[in-house]
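Structure, as structure tokens:
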Amino acid sequence: MTLKVIVRSIRTLSYVGGYKKIKDRPIKLYCAALVGAGYMAYNQHKKNTAEMKEIIQLSNYMAEPITPVDQLEKNRDDMKTQMELLIMRIQAEFCRALEKEEDEDAKFKVDRWMRKEGGGGITCVLQDGRVFEKAGVNISVVSGKLPPAAVQQMRSRGKKLENSELPFFAAGVSAVIHPRNPMVPTIHFNYRYFEVQDKDGVQWWFGGGTDLTPYYLDEQDAQHFHLTLKHACDEHDTAYYPKFKKWCDDYFSIPHRGERRGVGGIFFDDVDYPSQQEAFKFVTSCAEAVVPSYIPIVKKHKDAAYGYYERQWQLVRRGRYVEFNLIYDRGTKFGLHTPDARYESILMSLPLNAKWEYMHEIKPNSPEAELMKVLKQPRDWLNIEKGQSQAQRSTA
């Protein structure tokens with residue numbers, strides 16, 4: 001039995017109708033009541049874990065949920081509630097993990113905001129830290145009417161929607177971490193849930209992903225990162241990782257530069273299979289893999305030595321990051337097309353500093369050139385394709 005369950009058990013006793021009577025009885029009966037309450041709480045904990053149900057943890061969140069708590073309590077089993085509770089938890093866990101790597105006085109600024117049309121969000125930003133130059137971790141829970149531009153964007157992906165304003169709900173968590181030390185990579189992740197209602201009823205789907213953008217290549221880091229994500233995928237379907245890894249390589253591409261943004265990860269959209277609950281479990285596993293995939297890399301490199309030249313290269317690569325986000329990123333475009341959008345939160349992903357150097361050239365056989373090789377040609381970090389080809393040859 002965990003400490004949390006025991007504490008919850010003790011609190012439970014204060015709500016038991018016969019609590020006063022129990023206090024006046026022998027200690028054995030009191031202990032029996034405590035154990036019984038603990039057993040009930042433990043069984044509920046196991047049930048929640050098995051069903052992947054999120055529970056309300058107000059004291060652990062960065063701020064109050066966007067949806068009123070009584071409404072969340074009333075609609076516990078609704079996927080909109082489950083997703084909001086998940087992103088609230090993931091935001092808090094990731095922010096606290098990042099703060100532990102920073103100096104003691106570096107904390108996230110928490111900005112809870114609401115929008116007139118429906119819903120709101122919580123933007124958490126840590127800026128000018130010793131370890132993180134700019135770290136943003138956002139959640140948004142919004143609803144309203146999708147404008148035609150956003151509907152058209154979804155139709156272009158194959159969504160069968162009316163070409164008009166449609167009621168929608170969207171909940172997601174998104175983070176971009178720009179470290180100060182060039183030896184520490186940037187990470188981005190986003191996990192989201194959509195509902196859109198048209199004449200045929202409600203259409204729902206999940207999307208998301210996690211990807212890594214290093215400034216200097218460390219192959220062990222890339223392998224650790226991808227292996228952690230693969231484990232999260234394999235819990236649900238062993239076909240997910242190779243499929244979503246390729247999707248990530250293809251999506252985070254900067255066509256006008258002929259290169260990828262980083263060393264990839266996973267990316268997926270329009271996941272409405274095999275069922276709503278199973279898709280939610282998959283998204284939960286991926287979101288929970290963010291901290292173990294990234295924090296060990298931060299610990300490894302945050303105090304590494306670097307100089308002026310490495311810093312300038314980092315700023316050039318951040319310029320590429322900006323180019324992708326403003327020109328190609330679907331999430332940024334969706335946010336900018338959404339009525340009453342909060343642009344400070346949408347543009348939170350942009351680095352504090354970046355650089356565009358005219359006709360920048362890389363020295364041959366340099367560490368920078370080594371990075372560019374994998375940005376030009378994505379690598380199979382876990383040798384999955386090699387293993388598959390060997391298996392095919394052995395069965396031929």
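Each chain of the structure tokens is named A, B, ... in the order shown, its residues numbered from 1; ligands are numbered from 1 in display order.
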
Can you build me a table of stretch 234-333 of chain A residues sitting at most 12 Å from stretch 102-111 of chain A, with the closest atom pair per residue and its distance in Å to one decimal, using only C-alpha atoms, sorted by chain and residue number, as CSV?
residue,atom,partner,partner_atom,distance
A:Ile295,CA,A:Glu102,CA,11.7
A:Val298,CA,A:Glu102,CA,10.4
A:Lys299,CA,A:Glu102,CA,10.3
A:Lys302,CA,A:Glu102,CA,9.6
A:Asp303,CA,A:Glu102,CA,11.2

*Once DSSP has gone over the backbone, tell me which residues of stretch 90-324 of chain A are in helix (DSSP H, G or I), as a PyMOL selection string.*
chain A and resi 90-101+148-155+219-234+240-251+276-288+290-301+308-324

Store the residues picked out above in a file with C-alpha atoms, as a PDB file, in the first residue's frame.
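As a result, again_23.pdb now contains:
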ATOM      1  CA  ILE A  90       1.315  15.958 -17.110  1.00  0.00           C
ATOM      2  CA  GLN A  91       1.861  19.724 -17.049  1.00  0.00           C
ATOM      3  CA  ALA A  92       2.520  19.739 -13.299  1.00  0.00           C
ATOM      4  CA  GLU A  93       4.806  16.685 -13.364  1.00  0.00           C
ATOM      5  CA  PHE A  94       6.914  18.048 -16.213  1.00  0.00           C
ATOM      6  CA  CYS A  95       7.196  21.562 -14.743  1.00  0.00           C
ATOM      7  CA  ARG A  96       8.371  20.193 -11.398  1.00  0.00           C
ATOM      8  CA  ALA A  97      10.856  17.853 -13.067  1.00  0.00           C
ATOM      9  CA  LEU A  98      12.348  20.826 -14.939  1.00  0.00           C
ATOM     10  CA  GLU A  99      12.469  23.007 -11.820  1.00  0.00           C
ATOM     11  CA  LYS A 100      14.517  20.323 -10.048  1.00  0.00           C
ATOM     12  CA  GLU A 101      17.252  20.768 -12.675  1.00  0.00           C
ATOM     13  CA  PRO A 148     -14.074  27.756 -41.982  1.00  0.00           C
ATOM     14  CA  ALA A 149     -10.254  27.998 -42.307  1.00  0.00           C
ATOM     15  CA  ALA A 150      -9.769  25.466 -39.500  1.00  0.00           C
ATOM     16  CA  VAL A 151     -12.498  23.189 -40.914  1.00  0.00           C
ATOM     17  CA  GLN A 152     -10.838  23.320 -44.320  1.00  0.00           C
ATOM     18  CA  GLN A 153      -7.492  22.348 -42.783  1.00  0.00           C
ATOM     19  CA  MET A 154      -9.137  19.270 -41.238  1.00  0.00           C
ATOM     20  CA  ARG A 155     -10.938  18.413 -44.484  1.00  0.00           C
ATOM     21  CA  GLU A 219      24.075   9.131 -30.520  1.00  0.00           C
ATOM     22  CA  GLN A 220      23.519   7.629 -27.072  1.00  0.00           C
ATOM     23  CA  ASP A 221      21.069  10.422 -26.275  1.00  0.00           C
ATOM     24  CA  ALA A 222      19.153   9.805 -29.498  1.00  0.00           C
ATOM     25  CA  GLN A 223      19.016   6.068 -28.828  1.00  0.00           C
ATOM     26  CA  HIS A 224      17.854   6.564 -25.230  1.00  0.00           C
ATOM     27  CA  PHE A 225      15.190   9.035 -26.358  1.00  0.00           C
ATOM     28  CA  HIS A 226      13.818   6.785 -29.094  1.00  0.00           C
ATOM     29  CA  LEU A 227      13.969   3.632 -26.970  1.00  0.00           C
ATOM     30  CA  THR A 228      11.924   5.300 -24.218  1.00  0.00           C
ATOM     31  CA  LEU A 229       9.264   6.304 -26.736  1.00  0.00           C
ATOM     32  CA  LYS A 230       9.310   2.837 -28.302  1.00  0.00           C
ATOM     33  CA  HIS A 231       8.632   1.215 -24.931  1.00  0.00           C
ATOM     34  CA  ALA A 232       5.622   3.531 -24.471  1.00  0.00           C
ATOM     35  CA  CYS A 233       4.304   2.588 -27.919  1.00  0.00           C
ATOM     36  CA  ASP A 234       4.990  -1.142 -27.565  1.00  0.00           C
ATOM     37  CA  TYR A 240       3.031   2.050 -33.516  1.00  0.00           C
ATOM     38  CA  TYR A 241       6.664   3.093 -33.001  1.00  0.00           C
ATOM     39  CA  PRO A 242       8.004   2.453 -36.535  1.00  0.00           C
ATOM     40  CA  LYS A 243       4.852   3.955 -38.044  1.00  0.00           C
ATOM     41  CA  PHE A 244       4.834   7.079 -35.869  1.00  0.00           C
ATOM     42  CA  LYS A 245       8.631   7.461 -36.002  1.00  0.00           C
ATOM     43  CA  LYS A 246       8.472   7.750 -39.801  1.00  0.00           C
ATOM     44  CA  TRP A 247       5.518  10.124 -39.530  1.00  0.00           C
ATOM     45  CA  CYS A 248       7.606  12.297 -37.193  1.00  0.00           C
ATOM     46  CA  ASP A 249      10.570  12.353 -39.595  1.00  0.00           C
ATOM     47  CA  ASP A 250       8.245  13.359 -42.424  1.00  0.00           C
ATOM     48  CA  TYR A 251       6.264  15.932 -40.455  1.00  0.00           C
ATOM     49  CA  GLN A 276     -11.694   5.709 -27.465  1.00  0.00           C
ATOM     50  CA  GLN A 277     -10.499   4.265 -24.159  1.00  0.00           C
ATOM     51  CA  GLU A 278      -7.615   2.333 -25.734  1.00  0.00           C
ATOM     52  CA  ALA A 279      -6.517   5.409 -27.680  1.00  0.00           C
ATOM     53  CA  PHE A 280      -6.594   7.407 -24.436  1.00  0.00           C
ATOM     54  CA  LYS A 281      -4.419   4.789 -22.730  1.00  0.00           C
ATOM     55  CA  PHE A 282      -1.912   5.041 -25.568  1.00  0.00           C
ATOM     56  CA  VAL A 283      -1.762   8.839 -25.337  1.00  0.00           C
ATOM     57  CA  THR A 284      -1.343   8.567 -21.558  1.00  0.00           C
ATOM     58  CA  SER A 285       1.642   6.219 -21.954  1.00  0.00           C
ATOM     59  CA  CYS A 286       3.290   8.564 -24.464  1.00  0.00           C
ATOM     60  CA  ALA A 287       2.761  11.623 -22.278  1.00  0.00           C
ATOM     61  CA  GLU A 288       4.155   9.832 -19.234  1.00  0.00           C
ATOM     62  CA  VAL A 290       8.344  12.535 -21.682  1.00  0.00           C
ATOM     63  CA  VAL A 291      10.130  12.943 -18.332  1.00  0.00           C
ATOM     64  CA  PRO A 292      12.165   9.691 -18.510  1.00  0.00           C
ATOM     65  CA  SER A 293      13.045  10.362 -22.164  1.00  0.00           C
ATOM     66  CA  TYR A 294      14.397  13.887 -21.578  1.00  0.00           C
ATOM     67  CA  ILE A 295      15.459  14.599 -17.994  1.00  0.00           C
ATOM     68  CA  PRO A 296      18.400  12.118 -18.000  1.00  0.00           C
ATOM     69  CA  ILE A 297      19.765  13.932 -21.079  1.00  0.00           C
ATOM     70  CA  VAL A 298      19.464  17.286 -19.300  1.00  0.00           C
ATOM     71  CA  LYS A 299      21.287  15.937 -16.250  1.00  0.00           C
ATOM     72  CA  LYS A 300      24.041  14.540 -18.457  1.00  0.00           C
ATOM     73  CA  HIS A 301      24.835  17.758 -20.358  1.00  0.00           C
ATOM     74  CA  TYR A 308      31.144  31.365 -28.217  1.00  0.00           C
ATOM     75  CA  TYR A 309      31.269  29.264 -31.401  1.00  0.00           C
ATOM     76  CA  GLU A 310      28.888  26.603 -30.011  1.00  0.00           C
ATOM     77  CA  ARG A 311      26.495  29.297 -28.805  1.00  0.00           C
ATOM     78  CA  GLN A 312      26.370  30.916 -32.254  1.00  0.00           C
ATOM     79  CA  TRP A 313      25.612  27.550 -33.878  1.00  0.00           C
ATOM     80  CA  GLN A 314      22.812  27.005 -31.366  1.00  0.00           C
ATOM     81  CA  LEU A 315      21.287  30.361 -32.352  1.00  0.00           C
ATOM     82  CA  VAL A 316      21.469  29.495 -36.068  1.00  0.00           C
ATOM     83  CA  ARG A 317      19.673  26.191 -35.443  1.00  0.00           C
ATOM     84  CA  ARG A 318      17.047  27.975 -33.379  1.00  0.00           C
ATOM     85  CA  GLY A 319      16.383  30.140 -36.400  1.00  0.00           C
ATOM     86  CA  ARG A 320      15.492  26.949 -38.261  1.00  0.00           C
ATOM     87  CA  TYR A 321      13.166  26.032 -35.384  1.00  0.00           C
ATOM     88  CA  VAL A 322      11.345  29.344 -35.815  1.00  0.00           C
ATOM     89  CA  GLU A 323      11.051  28.808 -39.569  1.00  0.00           C
ATOM     90  CA  PHE A 324       9.341  25.450 -39.112  1.00  0.00           C
TER      91      PHE A 324
END

*Using only C-alpha atoms, determine which residues lie at most 12 Å from A:Gly331, disregarding the query and same-chain residues fewer than 3 positions distant; provide the list as a VMD selection string.*
chain A and resid 150 153 to 154 170 172 to 174 189 to 192 207 to 209 251 269 324 to 328 334 to 338 345 to 347 349

*Give me the residues within 8 Å of A:Gln197 as a list in words, counting only C-alpha atoms and dropping any in the same chain fewer than 6 places off.*
Leu166, Pro167, Phe168 and Gln203 of chain A

Next, write the just-selected residues to a file, as a short mmCIF file (atom, residue, chain, number, x, y, z; two decimals), in the first residue's frame, keeping N, CA and C atoms as the atom set.
data_model
loop_
_atom_site.label_atom_id
_atom_site.label_comp_id
_atom_site.auth_asym_id
_atom_site.auth_seq_id
_atom_site.Cartn_x
_atom_site.Cartn_y
_atom_site.Cartn_z
N LEU A 166 -18.42 24.82 -37.17
CA LEU A 166 -18.88 23.64 -36.46
C LEU A 166 -18.52 23.73 -34.99
N PRO A 167 -19.41 23.25 -34.09
CA PRO A 167 -19.06 23.20 -32.66
C PRO A 167 -17.89 22.25 -32.44
N PHE A 168 -16.96 22.67 -31.58
CA PHE A 168 -15.80 21.82 -31.31
C PHE A 168 -15.39 21.91 -29.85
N GLN A 203 -17.53 13.59 -34.02
CA GLN A 203 -16.30 12.91 -34.43
C GLN A 203 -15.22 13.25 -33.41
#

*Polymer residues at most 6 Å from stretch 181-188 of chain A, only C-alpha atoms, same-chain spacing of 4 or more positions, as a list in words*: Ala175, Val176, Ile177, Thr210, Asp211, Leu212, Thr213, Pro214, Tyr215, Tyr216, Val298, His301 and Gln314 of chain A

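Rounded to one decimal, atom CA of A:Lys134 and atom CA of A:Leu352 lie 6.2 Å from each other.
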
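The interatomic distance for the pair atom CA of A:Gly136 and atom CA of A:Thr332 works out to 14.5 Å.
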
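Distance-wise, atom CA of A:Asp128 and atom CA of A:Gly262 end up 23.3 Å apart.
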
*Using only C-alpha atoms, pick whichever of A:Arg157, A:Arg112, A:Arg130, A:Lys80 has the shortest atom-to-atom distance to A:Ser143.*
A:Lys80

*Hey, which of A:Pro179, A:Pro255, A:Pro367, A:Gly144 ends up closest to A:Gln127? Count only C-alpha atoms.*
A:Pro179

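When only C-alpha atoms are used to compute distances to A:Arg76, the closest of the residues A:Ile56, A:Val196, A:Ala63, A:Leu161 turns out to be A:Ile56.
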
*Mind checking which residues fall within 12 Å of A:Trp113, counting only C-alpha atoms, ignoring those fewer than 3 positions away in the same chain, and posting them as a list in words?*
Ala63, Glu64, Pro65, Ile66, Thr67, Val110, Lys116, Gly118, Gly119, Gly120, Gly121, Ile122, Thr123, Cys124, Asn138, Ile139, Ser140, Val141, Val142, Asp340, Ala341, Arg342, Tyr343, Glu344 and Ser345 of chain A
